[in-house]
Structures are given as structure tokens and as C-alpha cells.
$ cat coords.cif   # mmCIF, C-alpha atoms and all ligand atoms
data_my_file
#
loop_
_atom_site.group_PDB
_atom_site.id
_atom_site.type_symbol
_atom_site.label_atom_id
_atom_site.label_comp_id
_atom_site.auth_asym_id
_atom_site.auth_seq_id
_atom_site.Cartn_x
_atom_site.Cartn_y
_atom_site.Cartn_z
ATOM 1 C CA MET K 1 -11.628 -12.761 7.712
ATOM 2 C CA SER K 2 -8.947 -10.208 6.916
ATOM 3 C CA ILE K 3 -9.567 -6.917 5.178
ATOM 4 C CA LYS K 4 -6.868 -6.720 2.538
ATOM 5 C CA ILE K 5 -5.620 -3.437 1.107
ATOM 6 C CA ALA K 6 -2.974 -2.781 -1.554
ATOM 7 C CA VAL K 7 -1.238 0.570 -1.880
ATOM 8 C CA MET K 8 -0.770 0.612 -5.617
ATOM 9 C CA THR K 9 0.242 2.728 -8.572
ATOM 10 C CA MET K 10 2.578 1.992 -11.434
ATOM 11 C CA LYS K 11 4.283 5.338 -11.143
ATOM 12 C CA GLY K 12 7.409 5.468 -8.992
ATOM 13 C CA GLY K 13 7.973 7.809 -6.076
ATOM 14 C CA GLN K 14 4.318 8.422 -5.158
ATOM 15 C CA ALA K 15 4.954 7.525 -1.484
ATOM 16 C CA LYS K 16 3.435 4.041 -1.729
ATOM 17 C CA THR K 17 5.907 2.661 0.793
ATOM 18 C CA THR K 18 5.551 5.670 3.101
ATOM 19 C CA LEU K 19 1.758 5.363 3.074
ATOM 20 C CA ALA K 20 1.794 1.563 3.491
ATOM 21 C CA ILE K 21 4.177 1.731 6.485
ATOM 22 C CA ASN K 22 2.339 4.554 8.231
ATOM 23 C CA LEU K 23 -1.177 3.257 7.579
ATOM 24 C CA ALA K 24 -0.166 -0.162 8.929
ATOM 25 C CA ALA K 25 1.449 1.471 11.981
ATOM 26 C CA ARG K 26 -1.586 3.686 12.651
ATOM 27 C CA ILE K 27 -4.076 0.812 12.468
ATOM 28 C CA ALA K 28 -1.818 -1.291 14.729
ATOM 29 C CA LYS K 29 -1.811 1.579 17.230
ATOM 30 C CA ALA K 30 -5.597 1.271 17.261
ATOM 31 C CA ARG K 31 -4.909 -2.293 18.560
ATOM 32 C CA ARG K 32 -5.969 -4.164 15.489
ATOM 33 C CA ASP K 33 -3.657 -6.914 14.285
ATOM 34 C CA VAL K 34 -2.071 -5.794 11.060
ATOM 35 C CA LEU K 35 0.180 -7.613 8.620
ATOM 36 C CA LEU K 36 2.321 -5.441 6.361
ATOM 37 C CA ILE K 37 3.505 -7.253 3.225
ATOM 38 C CA ASP K 38 6.274 -5.928 1.007
ATOM 39 C CA SER K 39 5.813 -7.151 -2.584
ATOM 40 C CA ASP K 40 8.452 -4.920 -4.173
ATOM 41 C CA ILE K 41 11.796 -6.178 -5.449
ATOM 42 C CA GLN K 42 13.293 -2.924 -4.110
ATOM 43 C CA ALA K 43 12.367 -4.173 -0.606
ATOM 44 C CA ASN K 44 12.076 -0.652 0.763
ATOM 45 C CA VAL K 45 10.096 -1.708 3.839
ATOM 46 C CA THR K 46 12.875 -4.178 4.665
ATOM 47 C CA THR K 47 15.455 -1.415 4.182
ATOM 48 C CA THR K 48 13.458 0.938 6.400
ATOM 49 C CA PHE K 49 13.189 -1.439 9.350
ATOM 50 C CA GLN K 50 16.420 -3.338 8.601
ATOM 51 C CA ARG K 51 14.607 -6.602 9.285
ATOM 52 C CA ASP K 52 14.668 -9.587 6.935
ATOM 53 C CA HIS K 53 13.668 -13.234 7.156
ATOM 54 C CA HIS K 54 13.729 -16.467 5.172
ATOM 55 C CA CYS K 55 9.934 -16.438 5.402
ATOM 56 C CA ASN K 56 9.400 -13.800 2.743
ATOM 57 C CA LEU K 57 6.873 -13.333 -0.053
ATOM 58 C CA ALA K 58 9.189 -14.628 -2.799
ATOM 59 C CA ASN K 59 9.892 -17.833 -0.867
ATOM 60 C CA VAL K 60 6.183 -18.256 -0.103
ATOM 61 C CA ILE K 61 5.403 -18.009 -3.844
ATOM 62 C CA LEU K 62 8.256 -20.378 -4.711
ATOM 63 C CA GLY K 63 7.045 -22.929 -2.138
ATOM 64 C CA LYS K 64 10.220 -22.668 -0.043
ATOM 65 C CA VAL K 65 8.463 -22.067 3.287
ATOM 66 C CA SER K 66 5.918 -24.380 4.833
ATOM 67 C CA ASP K 67 4.670 -22.194 7.729
ATOM 68 C CA PHE K 68 4.332 -18.446 7.940
ATOM 69 C CA GLU K 69 6.708 -16.797 10.395
ATOM 70 C CA PHE K 70 6.282 -13.062 10.517
ATOM 71 C CA ILE K 71 8.661 -10.414 11.790
ATOM 72 C CA GLN K 72 7.048 -8.614 14.746
ATOM 73 C CA LEU K 73 7.579 -4.865 14.291
ATOM 74 C CA ASP K 74 5.270 -3.861 17.120
ATOM 75 C CA ARG K 75 2.737 -5.529 19.417
ATOM 76 C CA HIS K 76 -0.002 -5.510 16.786
ATOM 77 C CA LEU K 77 2.151 -5.112 13.692
ATOM 78 C CA SER K 78 3.631 -8.079 11.792
ATOM 79 C CA PHE K 79 5.715 -7.899 8.648
ATOM 80 C CA LEU K 80 6.340 -10.222 5.701
ATOM 81 C CA PRO K 81 9.380 -9.032 3.696
ATOM 82 C CA SER K 82 9.495 -9.354 -0.103
ATOM 83 C CA GLY K 83 12.739 -11.263 -0.485
ATOM 84 C CA GLY K 84 14.148 -8.535 -2.755
ATOM 85 C CA GLU K 85 15.651 -9.897 -5.968
ATOM 86 C CA ALA K 86 14.080 -13.310 -5.380
ATOM 87 C CA MET K 87 10.833 -11.577 -6.418
ATOM 88 C CA VAL K 88 12.071 -11.766 -10.038
ATOM 89 C CA GLU K 89 12.082 -15.560 -9.903
ATOM 90 C CA ALA K 90 8.786 -15.521 -7.994
ATOM 91 C CA SER K 91 7.180 -13.294 -10.622
ATOM 92 C CA SER K 92 8.398 -15.528 -13.437
ATOM 93 C CA TYR K 93 7.068 -18.580 -11.560
ATOM 94 C CA LEU K 94 3.675 -16.868 -11.218
ATOM 95 C CA SER K 95 3.479 -16.300 -14.961
ATOM 96 C CA HIS K 96 4.060 -19.991 -15.697
ATOM 97 C CA THR K 97 1.657 -21.586 -13.241
ATOM 98 C CA ARG K 98 -1.738 -22.793 -14.396
ATOM 99 C CA PHE K 99 -3.803 -20.698 -11.963
ATOM 100 C CA LYS K 100 -1.508 -17.771 -12.499
ATOM 101 C CA ASP K 101 -3.885 -15.011 -11.417
ATOM 102 C CA SER K 102 -5.129 -16.654 -8.237
ATOM 103 C CA LEU K 103 -1.987 -18.338 -6.887
ATOM 104 C CA PHE K 104 -1.248 -15.465 -4.542
ATOM 105 C CA LYS K 105 -4.810 -15.564 -3.227
ATOM 106 C CA ASN K 106 -4.567 -19.284 -2.496
ATOM 107 C CA LEU K 107 -1.123 -19.070 -0.917
ATOM 108 C CA LEU K 108 -2.100 -16.280 1.457
ATOM 109 C CA SER K 109 -5.551 -17.616 2.310
ATOM 110 C CA SER K 110 -4.520 -18.825 5.796
ATOM 111 C CA ILE K 111 -3.430 -15.348 6.918
ATOM 112 C CA ASN K 112 -5.914 -14.162 9.517
ATOM 113 C CA HIS K 113 -4.680 -10.765 10.655
ATOM 114 C CA ARG K 114 -7.547 -8.285 10.922
ATOM 115 C CA ILE K 115 -5.966 -6.048 8.303
ATOM 116 C CA VAL K 116 -3.393 -6.873 5.611
ATOM 117 C CA ILE K 117 -1.627 -3.996 3.867
ATOM 118 C CA ILE K 118 0.535 -4.583 0.801
ATOM 119 C CA ASP K 119 3.224 -2.234 -0.448
ATOM 120 C CA THR K 120 3.637 -2.712 -4.188
ATOM 121 C CA ALA K 121 6.294 -2.122 -6.830
ATOM 122 C CA PRO K 122 6.085 0.773 -9.308
ATOM 123 C CA SER K 123 5.104 -1.525 -12.181
ATOM 124 C CA TRP K 124 2.278 -3.551 -13.702
ATOM 125 C CA SER K 125 3.158 -7.232 -13.598
ATOM 126 C CA GLU K 126 1.978 -10.732 -12.820
ATOM 127 C CA VAL K 127 2.458 -9.828 -9.164
ATOM 128 C CA SER K 128 0.176 -6.764 -9.493
ATOM 129 C CA ARG K 129 -2.570 -8.860 -11.058
ATOM 130 C CA ASN K 130 -2.240 -11.484 -8.312
ATOM 131 C CA ILE K 131 -2.425 -8.760 -5.686
ATOM 132 C CA LEU K 132 -5.599 -7.378 -7.274
ATOM 133 C CA MET K 133 -7.161 -10.835 -7.145
ATOM 134 C CA TYR K 134 -6.241 -11.131 -3.442
ATOM 135 C CA VAL K 135 -7.185 -7.736 -1.996
ATOM 136 C CA ASP K 136 -10.532 -6.167 -1.167
ATOM 137 C CA TYR K 137 -9.372 -2.587 -1.657
ATOM 138 C CA VAL K 138 -6.742 -0.511 -3.426
ATOM 139 C CA ILE K 139 -5.504 2.871 -2.263
ATOM 140 C CA VAL K 140 -3.870 4.925 -5.007
ATOM 141 C CA PRO K 141 -1.264 7.406 -3.739
ATOM 142 C CA VAL K 142 -0.527 10.493 -5.789
ATOM 143 C CA VAL K 143 1.969 13.360 -5.706
ATOM 144 C CA THR K 144 0.455 16.618 -6.897
ATOM 145 C CA ASP K 145 2.483 17.192 -10.024
ATOM 146 C CA TYR K 146 1.541 16.662 -13.656
ATOM 147 C CA LEU K 147 3.090 13.196 -13.979
ATOM 148 C CA GLY K 148 1.518 12.190 -10.668
ATOM 149 C CA PHE K 149 -1.931 12.980 -12.078
ATOM 150 C CA SER K 150 -1.279 10.997 -15.245
ATOM 151 C CA GLY K 151 0.082 8.067 -13.168
ATOM 152 C CA CYS K 152 -3.150 8.084 -11.175
ATOM 153 C CA ASP K 153 -5.241 8.125 -14.343
ATOM 154 C CA GLN K 154 -3.186 5.244 -15.759
ATOM 155 C CA ILE K 155 -3.544 2.891 -12.762
ATOM 156 C CA MET K 156 -7.283 3.607 -12.498
ATOM 157 C CA SER K 157 -7.667 2.527 -16.164
ATOM 158 C CA TYR K 158 -5.479 -0.566 -15.694
ATOM 159 C CA ILE K 159 -7.519 -1.675 -12.679
ATOM 160 C CA ASP K 160 -10.793 -1.162 -14.606
ATOM 161 C CA GLU K 161 -9.473 -3.054 -17.632
ATOM 162 C CA PHE K 162 -8.117 -5.901 -15.508
ATOM 163 C CA LYS K 163 -11.405 -6.235 -13.627
ATOM 164 C CA ALA K 164 -13.342 -6.275 -16.907
ATOM 165 C CA SER K 165 -11.008 -8.946 -18.294
ATOM 166 C CA MET K 166 -11.565 -11.127 -15.203
ATOM 167 C CA LEU K 167 -15.336 -11.123 -15.828
ATOM 168 C CA GLY K 168 -16.372 -10.405 -12.245
ATOM 169 C CA GLN K 169 -13.779 -12.655 -10.562
ATOM 170 C CA CYS K 170 -11.687 -9.711 -9.336
ATOM 171 C CA LYS K 171 -13.522 -8.106 -6.402
ATOM 172 C CA ALA K 172 -10.931 -5.419 -5.606
ATOM 173 C CA GLU K 173 -12.369 -1.907 -5.365
ATOM 174 C CA VAL K 174 -10.519 1.370 -5.276
ATOM 175 C CA LEU K 175 -11.029 2.594 -1.693
ATOM 176 C CA GLY K 176 -9.660 6.010 -2.452
ATOM 177 C CA ILE K 177 -6.981 8.252 -3.868
ATOM 178 C CA ALA K 178 -4.601 9.780 -1.330
ATOM 179 C CA ILE K 179 -2.482 12.858 -1.919
ATOM 180 C CA THR K 180 0.746 11.771 -0.282
ATOM 181 C CA ARG K 181 3.080 14.646 -1.092
ATOM 182 C CA SER K 182 2.032 18.148 -1.962
ATOM 183 C CA ASN K 183 3.142 21.707 -1.629
ATOM 184 C CA PRO K 184 -0.283 23.363 -1.508
ATOM 185 C CA ARG K 185 1.195 26.848 -1.755
ATOM 186 C CA THR K 186 2.141 26.264 -5.381
ATOM 187 C CA LYS K 187 -0.244 26.963 -8.239
ATOM 188 C CA LEU K 188 0.614 23.590 -9.822
ATOM 189 C CA ALA K 189 -0.319 21.617 -6.680
ATOM 190 C CA GLN K 190 -3.584 23.592 -6.363
ATOM 191 C CA THR K 191 -4.454 22.912 -10.017
ATOM 192 C CA ILE K 192 -3.654 19.190 -9.776
ATOM 193 C CA THR K 193 -5.602 18.851 -6.515
ATOM 194 C CA ALA K 194 -8.623 20.567 -8.093
ATOM 195 C CA GLY K 195 -8.264 18.270 -11.131
ATOM 196 C CA LEU K 196 -8.183 15.149 -8.928
ATOM 197 C CA ARG K 197 -11.226 16.369 -6.992
ATOM 198 C CA GLU K 198 -13.147 17.084 -10.173
ATOM 199 C CA ARG K 199 -12.250 13.765 -11.811
ATOM 200 C CA TRP K 200 -12.705 11.477 -8.766
ATOM 201 C CA PRO K 201 -14.916 13.455 -6.326
ATOM 202 C CA ASP K 202 -16.015 10.397 -4.341
ATOM 203 C CA LEU K 203 -12.601 8.776 -4.188
ATOM 204 C CA LEU K 204 -10.175 11.562 -3.319
ATOM 205 C CA PHE K 205 -9.498 11.607 0.433
ATOM 206 C CA LYS K 206 -10.043 15.097 1.892
ATOM 207 C CA ARG K 207 -7.014 14.921 4.180
ATOM 208 C CA MET K 208 -3.746 15.306 2.326
ATOM 209 C CA ILE K 209 -0.088 14.935 3.205
ATOM 210 C CA GLU K 210 2.029 17.983 2.578
ATOM 211 C CA GLU K 211 5.738 18.038 1.855
ATOM 212 C CA SER K 212 7.383 17.389 5.225
ATOM 213 C CA VAL K 213 10.930 16.891 6.449
ATOM 214 C CA SER K 214 9.854 14.586 9.305
ATOM 215 C CA ILE K 215 8.282 12.166 6.799
ATOM 216 C CA GLN K 216 11.629 11.977 4.995
ATOM 217 C CA GLU K 217 13.602 11.616 8.209
ATOM 218 C CA ALA K 218 11.574 8.874 9.946
ATOM 219 C CA PRO K 219 12.797 5.956 7.725
ATOM 220 C CA ALA K 220 16.409 6.990 8.334
ATOM 221 C CA PHE K 221 15.738 6.245 12.023
ATOM 222 C CA GLN K 222 13.952 2.936 11.158
ATOM 223 C CA GLN K 223 10.705 4.386 12.447
ATOM 224 C CA ASN K 224 7.190 5.028 11.294
ATOM 225 C CA ILE K 225 6.009 8.614 11.514
ATOM 226 C CA PHE K 226 4.050 7.984 14.762
ATOM 227 C CA ASP K 227 7.093 6.716 16.654
ATOM 228 C CA TYR K 228 9.556 9.188 15.176
ATOM 229 C CA ARG K 229 10.118 12.008 17.688
ATOM 230 C CA LYS K 230 7.291 10.485 19.765
ATOM 231 C CA GLY K 231 4.833 11.441 17.042
ATOM 232 C CA ARG K 232 5.188 15.136 17.813
ATOM 233 C CA THR K 233 5.712 16.220 14.231
ATOM 234 C CA ARG K 234 3.590 17.842 11.569
ATOM 235 C CA GLY K 235 4.080 14.675 9.483
ATOM 236 C CA ALA K 236 2.536 12.535 12.246
ATOM 237 C CA GLU K 237 -0.373 14.951 12.596
ATOM 238 C CA MET K 238 -1.112 14.873 8.858
ATOM 239 C CA TYR K 239 -0.746 11.067 8.605
ATOM 240 C CA ASP K 240 -2.981 10.608 11.656
ATOM 241 C CA LEU K 241 -5.796 12.574 9.998
ATOM 242 C CA LEU K 242 -5.412 10.794 6.650
ATOM 243 C CA CYS K 243 -5.276 7.337 8.285
ATOM 244 C CA ARG K 244 -8.390 8.101 10.360
ATOM 245 C CA GLU K 245 -10.229 9.106 7.179
ATOM 246 C CA ILE K 246 -9.050 5.893 5.480
ATOM 247 C CA MET K 247 -10.199 3.799 8.476
ATOM 248 C CA ARG K 248 -13.600 5.530 8.468
ATOM 249 C CA ARG K 249 -13.962 4.779 4.771
ATOM 250 C CA ILE K 250 -13.096 1.117 5.325
ATOM 251 C CA VAL K 251 -15.821 0.921 7.981
ATOM 252 C CA GLN K 252 -18.286 2.636 5.645
ATOM 253 C CA ARG K 253 -17.472 0.309 2.724
ATOM 254 C CA GLN K 254 -17.693 -2.717 4.981
ATOM 255 C CA LYS K 255 -21.119 -1.573 6.174
ATOM 256 C CA GLU K 256 -22.234 -1.107 2.578
ATOM 257 C CA GLY K 257 -20.944 -4.601 1.846
ATOM 258 C CA GLN K 258 -21.466 -7.657 3.975
ATOM 259 C CA ASN K 259 -18.333 -7.957 6.169
ATOM 260 C CA ASP K 260 -17.811 -6.243 9.510
ATOM 261 C CA TYR K 261 -14.659 -4.375 10.519
HETATM 262 N N1 LIG E 1 5.036 14.041 2.298
HETATM 263 C C1 LIG E 1 6.330 13.858 2.040
HETATM 264 N N2 LIG E 1 7.212 14.871 2.195
HETATM 265 C C2 LIG E 1 8.519 14.708 1.923
HETATM 266 N N3 LIG E 1 9.045 13.569 1.473
HETATM 267 C C3 LIG E 1 8.224 12.521 1.304
HETATM 268 C C4 LIG E 1 6.828 12.597 1.566
HETATM 269 N N4 LIG E 1 6.284 11.379 1.293
HETATM 270 C C5 LIG E 1 7.281 10.592 0.876
HETATM 271 N N5 LIG E 1 8.452 11.261 0.871
HETATM 272 C C6 LIG E 1 9.763 10.777 0.441
HETATM 273 O O1 LIG E 1 9.682 10.539 -0.961
HETATM 274 C C7 LIG E 1 10.503 9.435 -1.327
HETATM 275 C C8 LIG E 1 9.663 8.418 -2.075
HETATM 276 O O2 LIG E 1 8.715 7.875 -1.172
HETATM 277 P P1 LIG E 1 8.382 6.320 -1.196
HETATM 278 O O3 LIG E 1 9.620 5.510 -1.186
HETATM 279 O O4 LIG E 1 7.390 6.080 -0.123
HETATM 280 O O5 LIG E 1 7.677 6.247 -2.629
HETATM 281 P P2 LIG E 1 7.285 4.935 -3.450
HETATM 282 O O6 LIG E 1 6.082 5.282 -4.250
HETATM 283 O O7 LIG E 1 7.168 3.785 -2.532
HETATM 284 O O8 LIG E 1 8.543 4.764 -4.382
HETATM 285 P P3 LIG E 1 8.819 3.506 -5.336
HETATM 286 O O9 LIG E 1 7.964 3.719 -6.531
HETATM 287 O O10 LIG E 1 10.279 3.592 -5.653
HETATM 288 O O11 LIG E 1 8.445 2.270 -4.586
HETATM 289 C C9 LIG E 1 11.094 8.905 -0.032
HETATM 290 O O12 LIG E 1 12.377 9.441 0.137
HETATM 291 C C10 LIG E 1 10.160 9.438 1.047
HETATM 292 O O13 LIG E 1 10.792 9.622 2.303
HETATM 293 MG MG MG E 2 8.117 1.918 -2.598
#
$ encode --input "coords.cif" --output "C-alpha cells" --more "lines below"
Ligand SMILES: Nc1ncnc2c1ncn2[C@@H]1O[C@H](COP(=O)(O)OP(=O)(O)OP(=O)(O)O)[C@@H](O)[C@H]1O
Ligand SMILES: [Mg+2]
Amino acid sequence: MSIKIAVMTMKGGQAKTTLAINLAARIAKARRDVLLIDSDIQANVTTTFQRDHHCNLANVILGKVSDFEFIQLDRHLSFLPSGGEAMVEASSYLSHTRFKDSLFKNLLSSINHRIVIIDTAPSWSEVSRNILMYVDYVIVPVVTDYLGFSGCDQIMSYIDEFKASMLGQCKAEVLGIAITRSNPRTKLAQTITAGLRERWPDLLFKRMIEESVSIQEAPAFQQNIFDYRKGRTRGAEMYDLLCREIMRRIVQRQKEGQNDY
């Protein structure tokens, strides 16, 4: 059984894609088979790695592929692209099917990678609801500015409301909130961080990602932060610590639940 994780928030520019790519890469480096799925029409993971394929999420939803064929990014890291603009048609199809909230879950049920990580679009849509029905956990990324905080608050409420509306059928839990871009020397970042800690003390990951040039540069070289400059950057160091904390929390949640990691 896979452990499925969505990196999700409706707010744009919170480093969802950056976190999804680097978390997937870090877990794959720990020799666990990981599948990274791009569900965003912007197809930023595809742009980063410059790899595309007919077997993409949109075509899976639209029934245009019979067998999964993943792009191999690394020995333990597979990738399913989104299909870009075809996601519009896929999203519209999802909203018209009878089992519209669980279609995604059924379509992806044969995937058996140890870990599945989904990068999501900055929106709340039929696709988001399907993703919530499919995954076990959600990680909410947040940038430490005022609008970042309110974006975090908003997605936490939407997830709660959606789960309540599904009357126990949606099992997704928020695994944690990750600060993905912060300048901790500023008063604003310190205030927002303290606010996040006070509001969600058990969910906020202790390790945070500071503003870093290497994190911005890595995608321009089609690399994750651990491969970029052989991982000898401050960005790689920070992402390593955050990813380890995330992995420990997955293990802890799995122990509390019934599945093993
Ligand atoms: N810690 C960081 N320091 C500096 N730049 C960063 C950091 N994290 C992410 N970025 C940069 O911020 C920009 C937005 O990041 P990213 O694309 O991951 O966000 P996103 O939430 O996926 O955006 P969207 O909502 O459009 O999907 C990118 O240019 C990325 O390289
Ligand atoms: Mg993105």
C-alpha cells in the first residue's frame, strides 16, 4: 500500500512545487520508491525537468491511457506529468461523472509506489477534492508573510469543511504545515512564524526553509536541490532537515494508525 501525500494550498507562490519536488527527491534518495504526480495545469514540475509523456494525469482521467508508464527521473523516483492545459478538460470531466469525488481514487488505485507525492494547483477545484479523497496526508506550505498566513488559514478551513461534508469518507489528515520561504531576520517573518506556532502548535514543522538563492537556481538547471551543486548548498541543508522531520512524522502517524512505513 502506498502512502499518499498532497502538497496543497490554494494560495499561489507558497513553494508547493519546490517542496513536492525536493521531498520526493529526498525520500527517493533514502531508497524508497516514490511517484511524483503533477496535478497542476501550469505543469511546473514538467517545466523543471523538461520531461513530458502521453501518459499524464489528464489523459489518465480522460481514459486515454490504458497502462501507466512513468517517466523515470532517478533510480527510485518516477514522475507522472499533469498534461498541462488538458487538465482543464480533465477537471470538467471530473465534475460531470457520477462518482465525481472518488474517480481519481479509483483510477490511481493500482499505483503501488511506496510513497506518492502530489503537487497541486493554487486553486480549490474538483481536482483538489478528488486529491483529498485519494491521499492519506496533506502538507500545507506557507511563506511567512501576511497573505501566506491567511492562505494557510483558508486551506485548513476548506479541508475541514470538505471532510465534514463527506461524512467520514475523506480520510486525509493534515500531516503538517511547512514554512517554505522565510527571511527570519525580519520582524514580519518572526511575527508570522510565532502566529503559526501559536495557532497550529502540533502541526507546524520545526525546521523551516529560509530564503535561498540555490533553491531558486536549482530548477533552472533541471535539478532538485540535493543534486544541484552536489547538494553542497544551504538550500540542500535546510531541505534535508525539513524532509527528515516530515519523514519522521509520517512514521509516527503510521505507527499511531494501522499501516507501516
Ligand atoms: N526558500 C526559497 N527561497 C527563494 N526562492 C524560493 C524558495 N522557495 C521557493 N522559491 C521560489 O519561489 C517561486 C515559487 O515557488 P513554487 O513554484 O515552488 O511555488 P508554488 O506554490 O508551486 O507556485 P504556484 O502556486 O504557482 O504553483 C519559484 O521561483 C521558486 O524557485
Ligand atoms: Mg506550483
$ closest_residue --input "coords.cif" --among "K:Val135, K:Ile250, K:Ala28, K:Met238" --to "ligand LIG 1 (chain E)" --atoms "only C-alpha atoms and all ligand atoms"
K:Met238
$ closest_residue --input "coords.cif" --among "K:Ile118, K:Leu62, K:Val213, K:Cys55" --to "ligand MG 2 (chain E)" --atoms "only C-alpha atoms and all ligand atoms"
K:Ile118
$ resolve_selection --input "coords.cif" --expression "the PyMOL selection byres (((not hetatm)) within 7 of (chain E and resi 1))" --output "number ranges by chain"
K: 11-19, 44, 120-122, 180-182, 209-213, 215-217, 219
$ residues_around --input "coords.cif" --residues "Arg129 in chain K" --least-positions-apart "6" --cutoff "10 Å" --atoms "all atoms listed in the file" --output "short mmCIF file (atom, residue, chain, number, x, y, z; two decimals) with C-alpha atoms, keeping the file's coordinate frame"
data_model
loop_
_atom_site.label_atom_id
_atom_site.label_comp_id
_atom_site.auth_asym_id
_atom_site.auth_seq_id
_atom_site.Cartn_x
_atom_site.Cartn_y
_atom_site.Cartn_z
CA LYS K 100 -1.51 -17.77 -12.50
CA ASP K 101 -3.88 -15.01 -11.42
CA SER K 102 -5.13 -16.65 -8.24
CA PHE K 104 -1.25 -15.46 -4.54
CA TYR K 158 -5.48 -0.57 -15.69
CA ILE K 159 -7.52 -1.68 -12.68
CA PHE K 162 -8.12 -5.90 -15.51
CA LYS K 163 -11.40 -6.24 -13.63
CA CYS K 170 -11.69 -9.71 -9.34
#
$ resolve_selection --input "coords.cif" --expression "the PyMOL selection byres (((chain K and resi 48) around 9) and not hetatm)" --output "list in words"
Ala43, Asn44, Val45, Thr46, Thr47, Phe49, Gln50, Arg51, Ala218, Pro219, Ala220, Phe221, Gln222, Gln223 and Asn224 of chain K
$ write_last_selection --input "coords.cif" --atoms "C-alpha atoms" --output "PDB file, keeping the file's coordinate frame"
ATOM      1  CA  ALA K  43      12.367  -4.173  -0.606  1.00  0.00           C
ATOM      2  CA  ASN K  44      12.076  -0.652   0.763  1.00  0.00           C
ATOM      3  CA  VAL K  45      10.096  -1.708   3.839  1.00  0.00           C
ATOM      4  CA  THR K  46      12.875  -4.178   4.665  1.00  0.00           C
ATOM      5  CA  THR K  47      15.455  -1.415   4.182  1.00  0.00           C
ATOM      6  CA  PHE K  49      13.189  -1.439   9.350  1.00  0.00           C
ATOM      7  CA  GLN K  50      16.420  -3.338   8.601  1.00  0.00           C
ATOM      8  CA  ARG K  51      14.607  -6.602   9.285  1.00  0.00           C
ATOM      9  CA  ALA K 218      11.574   8.874   9.946  1.00  0.00           C
ATOM     10  CA  PRO K 219      12.797   5.956   7.725  1.00  0.00           C
ATOM     11  CA  ALA K 220      16.409   6.990   8.334  1.00  0.00           C
ATOM     12  CA  PHE K 221      15.738   6.245  12.023  1.00  0.00           C
ATOM     13  CA  GLN K 222      13.952   2.936  11.158  1.00  0.00           C
ATOM     14  CA  GLN K 223      10.705   4.386  12.447  1.00  0.00           C
ATOM     15  CA  ASN K 224       7.190   5.028  11.294  1.00  0.00           C
TER      16      ASN K 224
END
$ atom_distance --input "coords.cif" --atom1 "CA of Val251 in chain K" --atom2 "CA of Leu175 in chain K"
10.9 Å
$ axis_aligned_box --input "coords.cif" --around "range 207-223 of chain K" --padding-each-side "6 Å" --output "AutoDock Vina command-line options"
--center_x 4.7 --center_y 10.5 --center_z 7.2 --size_x 35.4 --size_y 27.1 --size_z 22.6
$ atom_distance --input "coords.cif" --atom1 "CA of Glu126 in chain K" --atom2 "CA of Val34 in chain K"
24.7 Å
$ residues_around --input "coords.cif" --residues "Thr9 in chain K" --least-positions-apart "4" --cutoff "7 Å" --atoms "all atoms listed in the file" --output "ChimeraX atom specification"
/K:122,140-141,152,155
$ closest_residue --input "coords.cif" --among "K:Gln169, K:Thr144, K:Asn22, K:Ser157" --to "Leu242 in chain K" --atoms "all atoms listed in the file"
K:Asn22
$ closest_residue --input "coords.cif" --among "K:Met10, K:Ile111, K:Ile117, K:Leu132" --to "Ser150 in chain K" --atoms "only C-alpha atoms"
K:Met10
